[in-house]
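See below for the structure under consideration.
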Amino acid sequence: MLYFLISFVSFLILSKSFTSRPFSSGERGIKPGSIGFWGSLSSWLVSRLKKGSTTGTTPFSFFQFSLGMSLKKNSLVSKVESEEEEGNVSLLDLPDLPLECILEHLSPAELCRVATVCTSLRDRCRSDHLWKKHMERKWGKVFGDAAYRQWKWHVASKNREKISSNPHNQKGIFAFLRGGFLPFIWIKAKSEKGTESSSSLPEDSIAALYLSLESGKFWFPAQVYNRENGHAGFMLSCYDAQLCYDSRSDTFLARYSPHGRWTTEENIQWDRLRVPPIATSPHALHISDCLDDLRPGDHIEIQWRRNKEFPYGWWYGVIGHLEQCQGHGNHCHCHYNDIVILEFTQYTAGSRWRQTVINRKHHIEKGNEIDGFYGGIRKLHSKEEIARWKNLWPTKIVIHD
């Protein structure tokens, strides 16, 4: 594709029959169009392609190129003006395929930069299909269906507020900014009065969602492993929380609601987050569908809560052998028994949290106000899920009576 693009650009340079589509007066000063531009682009793409082929790195970055061209802008102004009188080509004269190829290789920050060039590029750089891959790449492992539903509700709520408030049109520079596509630095910037700038991105666009997450403006639901910085009381558990991203530290702030009040935790790393594997609310009992299949050695997650007013968390455990079991492997008959042993080997032997028993035929919710309540069970089939729990294993056995 890059060879095709280079050949096509070279053809445009040599051809005298192509003319550029004129920009508006407000866009003319930053138009990336001239023979010098195309010559630089062509030679630059070749050099980047050669470099990428020998080093294995990304072949090119239009953002880097645009920065380099901006440094030469002043020296090329007179040349560009003379060439504009004769007619030349612009980036927008590229066919859709090469242009989309360039845009698809840009990072989110680069898309924002290119989008400030003109109205046409701004519209192209907002396209959902360009931002979808960036969402999947950065947020796919922590942003799930529940988070998307919350985002849609958030957008609908904002639209209702706009309709009900019926704000007056802004004038001057603010009206201009509303019509533009603001890079990250503008979105995060605050005025002296503490109000934030905003862009006219469609509220329900993927670009708007990405930038809202990146700037920390949108809180979304996910689950946190080993909450409260690995407190012994939450070791090898996973709890629902509302999360906010801090781009400065590349970590998250979490809010938990254990008993009608919010508690917070800062500096949560990416590897402690996951998308909820099932849609069950933390306040609802999960209906177990695996009880008849449980055998010793199976890895499970089980709901547990301190009392009826608390939300459930998911706790990692394994299925153990019955005390009377005399064999292992083919000689074990534990799976024929209605009694199932759940073991939590992160706790010391003799701890009341080390083991519990359920009945596979009649299990719904088991427990009391002292030991807590055990709820629904998920059998883990994914090696990735099991490995993730093992990677979180404490360095020492937890002493917790």
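As shown in the structure tokens, the chain order sets the letters A, B, ...; within each chain, residues go from 1, and ligands are also counted from 1 in the order they appear.
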| query | Do you know which residues are at most 7 Å from stretch 384-400 of chain A counting only C-alpha atoms, after dropping those on the same chain fewer than 2 positions away, and could you put them as a PyMOL selection string? | reply | chain A and resi 232+236+346-348+351+380+382
Write a file of the selected residues as a short mmCIF file (atom, residue, chain, number, x, y, z; two decimals), in the first residue's frame, keeping all heavy atoms.
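The resulting file, again26.cif, is shown below:
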data_model
loop_
_atom_site.label_atom_id
_atom_site.label_comp_id
_atom_site.auth_asym_id
_atom_site.auth_seq_id
_atom_site.Cartn_x
_atom_site.Cartn_y
_atom_site.Cartn_z
N ALA A 232 -5.50 -7.37 53.24
CA ALA A 232 -5.64 -8.81 53.49
C ALA A 232 -7.09 -9.27 53.44
O ALA A 232 -7.38 -10.41 53.07
CB ALA A 232 -5.03 -9.15 54.85
N LEU A 236 -7.27 -11.78 46.64
CA LEU A 236 -7.83 -12.65 45.61
C LEU A 236 -9.35 -12.49 45.49
O LEU A 236 -10.10 -13.46 45.41
CB LEU A 236 -7.45 -14.11 45.85
CG LEU A 236 -5.97 -14.44 45.69
CD1 LEU A 236 -5.75 -15.94 45.77
CD2 LEU A 236 -5.41 -13.91 44.38
N GLN A 346 -5.35 -19.21 49.81
CA GLN A 346 -4.55 -18.04 50.15
C GLN A 346 -4.57 -17.78 51.66
O GLN A 346 -3.74 -17.01 52.16
CB GLN A 346 -5.05 -16.80 49.40
CG GLN A 346 -6.45 -16.32 49.75
CD GLN A 346 -7.52 -16.92 48.86
OE1 GLN A 346 -7.40 -18.07 48.44
NE2 GLN A 346 -8.56 -16.15 48.58
N TYR A 347 -5.51 -18.44 52.37
CA TYR A 347 -5.60 -18.27 53.82
C TYR A 347 -4.93 -19.46 54.52
O TYR A 347 -4.87 -20.56 53.98
CB TYR A 347 -7.06 -18.15 54.25
CG TYR A 347 -7.72 -16.90 53.72
CD1 TYR A 347 -8.63 -16.96 52.68
CD2 TYR A 347 -7.43 -15.66 54.27
CE1 TYR A 347 -9.23 -15.81 52.18
CE2 TYR A 347 -8.02 -14.50 53.78
CZ TYR A 347 -8.91 -14.58 52.74
OH TYR A 347 -9.50 -13.44 52.25
N THR A 348 -4.46 -19.22 55.74
CA THR A 348 -3.76 -20.24 56.50
C THR A 348 -4.70 -21.39 56.86
O THR A 348 -5.92 -21.20 57.01
CB THR A 348 -3.17 -19.65 57.78
OG1 THR A 348 -4.23 -19.02 58.53
CG2 THR A 348 -2.10 -18.63 57.47
N SER A 351 -7.93 -21.36 59.36
CA SER A 351 -8.70 -20.12 59.30
C SER A 351 -10.14 -20.42 58.90
O SER A 351 -10.40 -21.32 58.08
CB SER A 351 -8.07 -19.16 58.28
OG SER A 351 -8.92 -18.07 58.01
N LEU A 380 -14.36 -21.51 36.05
CA LEU A 380 -13.43 -20.86 35.13
C LEU A 380 -12.92 -21.88 34.11
O LEU A 380 -12.33 -22.90 34.49
CB LEU A 380 -12.26 -20.24 35.89
CG LEU A 380 -12.62 -19.21 36.96
CD1 LEU A 380 -11.36 -18.65 37.61
CD2 LEU A 380 -13.47 -18.09 36.38
N SER A 382 -11.36 -20.53 31.09
CA SER A 382 -10.31 -19.83 30.35
C SER A 382 -8.96 -19.92 31.07
O SER A 382 -8.85 -19.56 32.25
CB SER A 382 -10.70 -18.36 30.15
OG SER A 382 -9.62 -17.59 29.70
#
- Item | Pick from A:Ser157, A:Gln150, A:Ile268, A:Asp240, whichever lies nearest to A:Phe218 using only C-alpha atoms |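 Looking at the shortest contact to A:Phe218, the residue is A:Gln150.
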Can you pull out the residues contacting A:Tyr148? Cut-off 10 Å, using only C-alpha atoms, and skip same-chain residues under 6 positions away; I want them as a list of chain:residue names.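 Counting only C-alpha atoms, the residues come to A:His154, A:Leu209, A:Phe220, A:Pro221.
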Step one, run DSSP on the backbone; step two, keep only residues of stretch 203-363 of chain A assigned to alpha helix (DSSP H); then write them as a list in words. Ile206, Ala207, Ala208, Leu209, Tyr210, Leu211, Ser212, Leu213, Glu214, Arg227, Glu228, Asn229 and Gly230 of chain A
Mind checking which residues fall within 9 Å of stretch 119-133 of chain A, counting only C-alpha atoms, ignoring those fewer than 3 positions away in the same chain, and posting them as a ChimeraX atom specification?
/A:27,92,100,103-104,106,108,111-112,114-116,136-138,180-181,201-202,205-208,210
| atom CA of A:Tyr374 to atom CA of A:Val275: how many Å, to one decimal? |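 Computed distance, atom CA of A:Tyr374 to atom CA of A:Val275, equals 21.9 Å.
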